[in-house]
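Chemist: Below are the C-alpha cells for one structure; questions will follow.
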Number of protein chains: 4
Amino acid sequence: MSRLGDIEAVAAALTRPPFQRFLEITPVEVDAEAGRVVFALPFKADYGRSEGGQIHGGVISAFIDIAADYALSVRVGDFVPTVNLRVDYLRPASGALRAEAEVVRAGRTIGVVDVVVTDESGKLVAVGRGTFGAQPG
Amino acid sequence: MSRLGDIEAVAAALTRPPFQRFLEITPVEVDAEAGRVVFALPFKADYGRSEGGQIHGGVISAFIDIAADYALSVRVGDFVPTVNLRVDYLRPASGALRAEAEVVRAGRTIGVVDVVVTDESGKLVAVGRGTFGAQPG
Amino acid sequence: MSRLGDIEAVAAALTRPPFQRFLEITPVEVDAEAGRVVFALPFKADYGRSEGGQIHGGVISAFIDIAADYALSVRVGDFVPTVNLRVDYLRPASGALRAEAEVVRAGRTIGVVDVVVTDESGKLVAVGRGTFGAQPG
Amino acid sequence: MSRLGDIEAVAAALTRPPFQRFLEITPVEVDAEAGRVVFALPFKADYGRSEGGQIHGGVISAFIDIAADYALSVRVGDFVPTVNLRVDYLRPASGALRAEAEVVRAGRTIGVVDVVVTDESGKLVAVGRGTFGAQPG
C-alpha cells in the first residue's frame, strides 16, 4: 500500500519534517484518486510578520508549497519534489488558514497543482500554483 | 532618516517579526541606493525537510521573499508589501545559505526584484523573482 | 458609458490593435460586473509551431494575456496594463481554442486574473494567471 | 551533428514554424555549450497594440518563449517543450527588440532559462523565466 494512501498516513507524514512540525499543519480531507487535499494551518504567534498577528508571507507560501506537494504526492503514492512555486498574495491574513490544493494535470514527468488559501471567514488570502516532479524523488 | 537606511537598521528590523526571529536571517550587505541586499541564513535543524538536514523548500521561499522585500524596501525607505513571488528550486540544499537580491525595476506603483540563493560552496540552490508594491504599505 | 461595457464594444476593441487583428479573437461571453470573459481563437495555419498544425506556445500565451486583460478591463471600464503573466502548458493543441478568464481579485492598484484554455473537445490545453494594473493606463 | 549546432542551423530553424515566420526573429549570437542565445526582433506594424507602434505584450512574451526555448535547445541539441513561462513587463516598448536568453540550470528532466529583453537604447523592456523539458520532445 502507498505510504500516503489515507488521511492518517498524511497526518503522520506531516509531523516528520522538522519545519513542518513548526508549522503544525493538519489534514482535513485527502482524496488520493483526485489528487486533492484540504489542509488546516492553526494560528500561532510565531507565524507573525508583526507582534500584532498578521501572518508572514513566508508562512503562507510554505503552507501553499506543502499542500500542493501533498495533492500530487497522494495521487502518485509517494513524495514528489517541487520544481517551481508561484504565490499571489491577495489580502493580509490573521487567524487560522485553510488550503485547498488540487492537481490540474499529472503528466508523465511533471505535474501542475493549484492551491487556494482562505481565512476563517472564507475570504481569499492567496492563490498558488506549482510545478512538481511527477515521479517520487 | 529612513527606517531602513543602513545595515544596522536592517539587522534590527529583521529581528522584529516573530517568523523572522525563527529564521535568524542576518544582513551581509545593504546598498539602499541600488536596491540591493545580501542576506545570510544559518543552518538550523528546525529548517529541515527531513531529520538528515536537507532544507525545506518553504524555508528557502521565505528566505527569498524576505531578501527580495528588503532589496526594494531599503531603496523606497520603508517596508513594501509582496504582490507575488515565484521560486524555482534548482538543487537540494543543506548547510548555511546566502541570498543576493536586487531591484530589477522600481516603478511608480510596483517594483520587480530578482534573488539568487547559493550554498556554502557557491552552488545555485534556487532563483526567485517577485513583484512588490512600490509604496510603503 | 464604459468603452468596454458590452460584447459589441469588446468585439470592436479586439479588432483595433494590429497584433490582435492577426489573432482574430472573438468574444463569446462578456460579464463586466463579474470581471469575466470567454473568448474564441479560430484555427489558422499562421499560428503553427509546425506545418502540421500544432499551435505555437507564443500564440497560446498571447491568447491568455488578451483574455485576462479584458476580464479585468471590462470590470474597470477601460484598458489596464499587464504587469506579469504566467502560463503553464498542459497539452499540445491544434484546432480552435477557447479561453475563460475571470478576475480573482481586483484591488485598488492591481488585479489578479485566472485563465483556462481548452480545445474543441473540452480538454485543458493551458492555464494562465496574470497581474494587471487596476487603473486604466 | 546536432540539428541546432551553429547560428546558420538556428537561423534556418527559426523560419520553419509558421508563427515564427510571422515574427521574423533572427539569431545574433548562439553559444551551444553555454546554452545562450541572443535574438533580434525587427519592428513591424503587425506587432502593435495600437496603430501608433507600441509593441503588443503577446509579441514580447512569444519572443521570450522562443529565445528561452532555443537557449536550452542548442545546448541539448534538439527542440525541447515549454513547461511554463513567466514574463514581467517593465516598460512599454516600440522599435526593434533584443533578447538575451541563458540557461540557469539544465537538469536531467527539466531546465530553467532566464531572458532579458531590451530596446534599441539598451533599456530593459521585460524579463522572462521559463521551465522547459530537458529532453527533446
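A note on labels: chains of the C-alpha cells are A, B, ... as shown, every chain counts residues from 1, and ligands are counted from 1 in their shown order.
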Would you pick out the contacts of segment 130-132 of chain D at 10 Å or less, using only C-alpha atoms, so that residues sharing its chain but fewer than 2 positions from it are not included, and give the list as a ChimeraX atom specification?
Modeler: /A:83-84,131 /B:88 /C:86-88 /D:64-65,68-69,72-73,79-87,103-107,109-115,128,134-136
Chemist: Using only C-alpha atoms, determine which residues lie at most 10 Å from segment 52-57 of chain C, disregarding the query and same-chain residues fewer than 3 positions distant; provide the list as a ChimeraX atom specification.
Modeler: /C:43-49,60-63,87-89,92-97,126 /D:17-20,61-62,65-66,81-85
Chemist: Counting only C-alpha atoms, what is within 10 Å of Asp6 of chain A, bar same-chain residues fewer than 4 positions away, as a ChimeraX atom specification?
Modeler: /A:2,10-11,29-32,74
Chemist: Take the residues that were just selected and, keeping N, CA, C and O atoms, output them as a PDB file, in the first residue's frame.
Modeler:
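Result written to selection31.pdb:
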```pdb
ATOM      1  N   SER A   2       0.313   2.311  -0.534  1.00  0.00           N
ATOM      2  CA  SER A   2       1.032   3.577  -0.649  1.00  0.00           C
ATOM      3  C   SER A   2       1.397   4.127   0.733  1.00  0.00           C
ATOM      4  O   SER A   2       0.673   3.931   1.706  1.00  0.00           O
ATOM      5  N   VAL A  10      -1.196  10.644   5.902  1.00  0.00           N
ATOM      6  CA  VAL A  10      -0.809  12.030   5.615  1.00  0.00           C
ATOM      7  C   VAL A  10      -0.558  12.789   6.915  1.00  0.00           C
ATOM      8  O   VAL A  10       0.436  13.520   7.037  1.00  0.00           O
ATOM      9  N   ALA A  11      -1.441  12.606   7.902  1.00  0.00           N
ATOM     10  CA  ALA A  11      -1.261  13.291   9.189  1.00  0.00           C
ATOM     11  C   ALA A  11       0.072  12.908   9.823  1.00  0.00           C
ATOM     12  O   ALA A  11       0.797  13.762  10.354  1.00  0.00           O
ATOM     13  N   GLU A  29      -9.027  16.925   4.599  1.00  0.00           N
ATOM     14  CA  GLU A  29      -9.544  15.976   3.612  1.00  0.00           C
ATOM     15  C   GLU A  29      -8.389  15.498   2.748  1.00  0.00           C
ATOM     16  O   GLU A  29      -7.490  16.283   2.424  1.00  0.00           O
ATOM     17  N   VAL A  30      -8.428  14.240   2.332  1.00  0.00           N
ATOM     18  CA  VAL A  30      -7.418  13.671   1.432  1.00  0.00           C
ATOM     19  C   VAL A  30      -8.143  12.810   0.409  1.00  0.00           C
ATOM     20  O   VAL A  30      -8.839  11.863   0.782  1.00  0.00           O
ATOM     21  N   ASP A  31      -8.006  13.165  -0.852  1.00  0.00           N
ATOM     22  CA  ASP A  31      -8.610  12.366  -1.928  1.00  0.00           C
ATOM     23  C   ASP A  31      -7.491  11.948  -2.881  1.00  0.00           C
ATOM     24  O   ASP A  31      -7.101  12.709  -3.771  1.00  0.00           O
ATOM     25  N   ALA A  32      -6.959  10.743  -2.643  1.00  0.00           N
ATOM     26  CA  ALA A  32      -5.781  10.297  -3.384  1.00  0.00           C
ATOM     27  C   ALA A  32      -6.070  10.136  -4.870  1.00  0.00           C
ATOM     28  O   ALA A  32      -5.231  10.459  -5.717  1.00  0.00           O
ATOM     29  N   VAL A  74      -0.118  12.384  -2.911  1.00  0.00           N
ATOM     30  CA  VAL A  74      -1.111  11.350  -2.552  1.00  0.00           C
ATOM     31  C   VAL A  74      -1.605  10.633  -3.809  1.00  0.00           C
ATOM     32  O   VAL A  74      -1.963   9.460  -3.762  1.00  0.00           O
TER      33      VAL A  74
END
```
Chemist: One number please: atom CA of Arg98 of chain A to atom CA of Ala9 of chain A, in Å, one decimal.
Modeler: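 Distance reported for this atom pair: 19.4 Å.
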Chemist: When DSSP works through the backbone of this structure, what residues of segment 61-132 of chain C end up as alpha helix (DSSP H), shown as a list in words?
Modeler: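 Those residues are Ser61, Ala62, Phe63, Ile64, Asp65, Ile66, Ala67, Ala68, Asp69, Tyr70, Ala71, Leu72, Ser73, Val74, Arg75 and Val76 of chain C.
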Chemist: Per DSSP on the backbone, filter chain A down to the residues in strand (DSSP E) and report them as number ranges by chain.
Modeler: A: 26-31, 36-41, 82-89, 97-106, 110-119, 124-133
Chemist: Closest to Ala13 of chain C among C:Pro42, C:Tyr70, C:Val37, C:Val59, using only C-alpha atoms?
Modeler: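 Selected residue with least distance to Ala13 of chain C: C:Tyr70.
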Chemist: Show which residues sit within 6 Å of Val116 of chain B, as a PyMOL selection string. Count only C-alpha atoms, and ignore same-chain residues fewer than 5 positions away.
Modeler: chain B and resi 99-100+127
Chemist: Would you export the selected residues with all heavy atoms as a PDB file, in the first residue's frame, please?
Modeler:
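New file out_11.pdb:
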```
ATOM      1  N   ALA B  99      21.553  34.739   0.148  1.00  0.00           N
ATOM      2  CA  ALA B  99      20.655  35.278  -0.879  1.00  0.00           C
ATOM      3  C   ALA B  99      21.149  36.640  -1.317  1.00  0.00           C
ATOM      4  O   ALA B  99      21.434  37.499  -0.481  1.00  0.00           O
ATOM      5  CB  ALA B  99      19.236  35.404  -0.329  1.00  0.00           C
ATOM      6  N   GLU B 100      21.303  36.823  -2.626  1.00  0.00           N
ATOM      7  CA  GLU B 100      21.582  38.142  -3.183  1.00  0.00           C
ATOM      8  C   GLU B 100      20.314  38.617  -3.873  1.00  0.00           C
ATOM      9  O   GLU B 100      19.835  37.964  -4.805  1.00  0.00           O
ATOM     10  CB  GLU B 100      22.706  38.077  -4.215  1.00  0.00           C
ATOM     11  CG  GLU B 100      24.022  37.626  -3.629  1.00  0.00           C
ATOM     12  CD  GLU B 100      25.183  37.904  -4.603  1.00  0.00           C
ATOM     13  OE1 GLU B 100      25.117  38.893  -5.358  1.00  0.00           O
ATOM     14  OE2 GLU B 100      26.133  37.101  -4.580  1.00  0.00           O
ATOM     15  N   VAL B 127      16.389  30.234  -7.570  1.00  0.00           N
ATOM     16  CA  VAL B 127      16.267  31.622  -8.000  1.00  0.00           C
ATOM     17  C   VAL B 127      14.825  32.054  -7.759  1.00  0.00           C
ATOM     18  O   VAL B 127      13.897  31.242  -7.848  1.00  0.00           O
ATOM     19  CB  VAL B 127      16.650  31.822  -9.493  1.00  0.00           C
ATOM     20  CG1 VAL B 127      18.153  31.691  -9.685  1.00  0.00           C
ATOM     21  CG2 VAL B 127      15.911  30.846 -10.412  1.00  0.00           C
TER      22      VAL B 127
END
```
Chemist: As an exercise, work out the distance from atom CA of Arg36 of chain D to atom CA of Ala71 of chain D in Å and give it to one decimal place.
Modeler: 4.8 Å
Chemist: Atom CA of Gly122 of chain D to atom CA of Leu90 of chain D: how many Å, to one decimal?
Modeler: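 So the answer is 13.0 Å.
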